[in-house]
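To keep things clear, I will list the structure first and then write my remarks on it.
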Amino acid sequence: RALSIAIDRQALAERVMEGTASPTGQWLPPGSFGHNPEVAVPPYDPEGARRLLAEAGYPQGFRITLHSPNDRYPNDAKTAQAVAQMWTRIGVRTQVEALPWTSFAARSARQEFGVRLTGWASVTGEASYMLVNVFGTYDRERRRGAANSARYSNPALDALTARAVATLDEEQREQLLRQAVQMATDDVAVIPLYQLINIWATRRGLTYAARMDERTIATAVRPAN
């Protein structure tokens, strides 16, 4: 929690990303199925972060290394450097190690990083995709936690996710997914930073319908009215 509220997400969105991102406190944008409107962007509170560190037994902070790719996401290494500066200001002396994606992905899969910067797109356009693959307790036989390189585990969240994906009524399922989003947030399973604002350009006379999964396909191009 201290690391989360030590981050000025608005500054990241405006300065590092130059307005091409929006601050967030969860992994789904508004309007997505399962987005929880009660989960707000964490406030920027460096003094509160220092108090939390002291309460946790780290009044003088500690040292960590933040690993990041340097060729995978827009401004990924720059974002990591900015976050490291914010953490260092509260006493968490942070070193950044930025790597090419091929090396980063391989080492991340082997759980070699204590803290890492990465991104995730829910290609299904709803909450369960990340709940199952990233937050789900790693279990190869059950095909759960396939991308859970951090090996985060919360059996209560697993049970809630399983209940949600098995619920056919859409209203009930969304309520369960929102509860799961809240639970993962309360656990600080990840520290969300921002959501990218994707931009498509077309020549005059054409329009493009953007997709939730961020894929760009030629069949989505239409003549402009």
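Labels for the structure tokens follow display order: chains A, B, ..., residues from 1 in each chain, ligands from 1.
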**Message:** When DSSP is applied to the backbone of this structure, which of region 79-158 of chain A are assigned strand (DSSP E or B)? Write them out as a list in words.
**Reply:**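 Secondary structure check on region 79-158 of chain A, strand (DSSP E or B): Val92, Arg93, Thr94, Gln95, Val96, Glu97, Ala98, Leu99, Val115, Arg116, Glu126, Asp139 and Arg144 of chain A.
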**Prompt:** Got a sec to tell me which of region 78-216 of chain A DSSP assigns to helix (DSSP H, G or I), as a PyMOL selection string?
**Reply:** chain A and resi 78-89+101-109+128-133+155-165+170-187
**Request:** Could you give me, as a PyMOL selection string, the residues within 9 Å of Leu12 (chain A), counting only C-alpha atoms and dropping anything in the same chain fewer than 5 positions from it?
**Result:** chain A and resi 7+17-19+21-23+79+82-83+193-194
**Best match for closeness to Thr124 (chain A) among A:Thr24, A:Thr216, A:Gln10, A:Ser32, counting only C-alpha atoms** = A:Ser32
**Request:** Mind checking which residues fall within 8 Å of Leu66 (chain A), counting only C-alpha atoms, ignoring those fewer than 2 positions away in the same chain, and posting them as a list of chain:residue names?
**Result:** A:Ile64, A:Ser68, A:Ala80, A:Ala84, A:Thr94, A:Gln95, A:Val96, A:Glu97, A:Phe113, A:Gly114, A:Val115, A:Arg116, A:Leu117
**Message:** List the spatial neighbours of Arg110 (chain A) as number ranges by chain - criterion: any atom at most 12 Å away, only C-alpha atoms, same-chain residues fewer than 6 positions off excluded.
**Reply:** A: 103-104, 147-151
**Asked** Out of A:Ala6, A:Ala146, A:Ala77, A:Val181, which residue has the shortest atom-to-atom distance to Trp101 (chain A) when counting only C-alpha atoms?
**Response**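 For Trp101 (chain A), the nearest of the candidates is A:Ala77.
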Report as a PDB file with N, CA, C and O atoms, in the first residue's frame all protein, DNA and RNA residues lying within 10 Å of Pro46 (chain A), evaluated on only C-alpha atoms, omitting residues in the same chain fewer than 5 positions from it.
```
ATOM      1  N   ALA A   2       1.969   1.202   0.736  1.00  0.00           N
ATOM      2  CA  ALA A   2       2.876   2.351   0.762  1.00  0.00           C
ATOM      3  C   ALA A   2       3.445   2.628  -0.624  1.00  0.00           C
ATOM      4  O   ALA A   2       3.484   3.779  -1.076  1.00  0.00           O
ATOM      5  N   LEU A   3       3.880   1.592  -1.302  1.00  0.00           N
ATOM      6  CA  LEU A   3       4.427   1.766  -2.642  1.00  0.00           C
ATOM      7  C   LEU A   3       3.371   2.301  -3.596  1.00  0.00           C
ATOM      8  O   LEU A   3       3.670   3.099  -4.491  1.00  0.00           O
ATOM      9  N   SER A   4       2.129   1.876  -3.420  1.00  0.00           N
ATOM     10  CA  SER A   4       1.052   2.303  -4.313  1.00  0.00           C
ATOM     11  C   SER A   4       0.751   3.786  -4.162  1.00  0.00           C
ATOM     12  O   SER A   4       0.685   4.529  -5.147  1.00  0.00           O
ATOM     13  N   ILE A   5       0.583   4.248  -2.916  1.00  0.00           N
ATOM     14  CA  ILE A   5       0.207   5.656  -2.736  1.00  0.00           C
ATOM     15  C   ILE A   5       1.401   6.597  -2.855  1.00  0.00           C
ATOM     16  O   ILE A   5       1.235   7.818  -2.821  1.00  0.00           O
ATOM     17  N   ALA A   6       2.590   6.036  -3.004  1.00  0.00           N
ATOM     18  CA  ALA A   6       3.770   6.879  -3.262  1.00  0.00           C
ATOM     19  C   ALA A   6       3.880   7.251  -4.735  1.00  0.00           C
ATOM     20  O   ALA A   6       4.745   8.044  -5.113  1.00  0.00           O
ATOM     21  N   ILE A   7       3.010   6.700  -5.575  1.00  0.00           N
ATOM     22  CA  ILE A   7       3.073   6.932  -7.018  1.00  0.00           C
ATOM     23  C   ILE A   7       2.078   8.006  -7.433  1.00  0.00           C
ATOM     24  O   ILE A   7       0.881   7.911  -7.136  1.00  0.00           O
ATOM     25  N   ASP A   8       2.560   9.011  -8.120  1.00  0.00           N
ATOM     26  CA  ASP A   8       1.717  10.061  -8.674  1.00  0.00           C
ATOM     27  C   ASP A   8       1.285   9.617 -10.074  1.00  0.00           C
ATOM     28  O   ASP A   8       1.968   9.875 -11.070  1.00  0.00           O
ATOM     29  N   ARG A  51       4.475   6.915   6.528  1.00  0.00           N
ATOM     30  CA  ARG A  51       3.888   6.409   7.774  1.00  0.00           C
ATOM     31  C   ARG A  51       3.624   4.909   7.693  1.00  0.00           C
ATOM     32  O   ARG A  51       3.890   4.172   8.658  1.00  0.00           O
ATOM     33  N   LEU A  52       3.123   4.451   6.560  1.00  0.00           N
ATOM     34  CA  LEU A  52       2.863   3.020   6.401  1.00  0.00           C
ATOM     35  C   LEU A  52       4.161   2.218   6.457  1.00  0.00           C
ATOM     36  O   LEU A  52       4.211   1.124   7.046  1.00  0.00           O
ATOM     37  N   MET A  86       9.920   8.139  -7.528  1.00  0.00           N
ATOM     38  CA  MET A  86       8.866   8.378  -6.531  1.00  0.00           C
ATOM     39  C   MET A  86       9.064   7.493  -5.307  1.00  0.00           C
ATOM     40  O   MET A  86       8.876   7.940  -4.165  1.00  0.00           O
ATOM     41  N   TRP A  87       9.443   6.241  -5.519  1.00  0.00           N
ATOM     42  CA  TRP A  87       9.683   5.344  -4.390  1.00  0.00           C
ATOM     43  C   TRP A  87      10.914   5.765  -3.593  1.00  0.00           C
ATOM     44  O   TRP A  87      10.931   5.689  -2.368  1.00  0.00           O
ATOM     45  N   ARG A  89      11.929   8.702  -3.109  1.00  0.00           N
ATOM     46  CA  ARG A  89      11.598   9.874  -2.299  1.00  0.00           C
ATOM     47  C   ARG A  89      10.990   9.495  -0.954  1.00  0.00           C
ATOM     48  O   ARG A  89      11.063  10.276  -0.004  1.00  0.00           O
ATOM     49  N   ILE A  90      10.379   8.322  -0.842  1.00  0.00           N
ATOM     50  CA  ILE A  90       9.805   7.917   0.449  1.00  0.00           C
ATOM     51  C   ILE A  90      10.756   7.004   1.223  1.00  0.00           C
ATOM     52  O   ILE A  90      10.382   6.450   2.260  1.00  0.00           O
TER      53      ILE A  90
END
```
**Message:** as a ChimeraX atom specification, please: the residues near Arg173 (chain A) (cut-off 10 Å, only C-alpha atoms, same-chain neighbours under 3 positions excluded).
**Reply:** /A:33-34,128,161,163-170,176-179
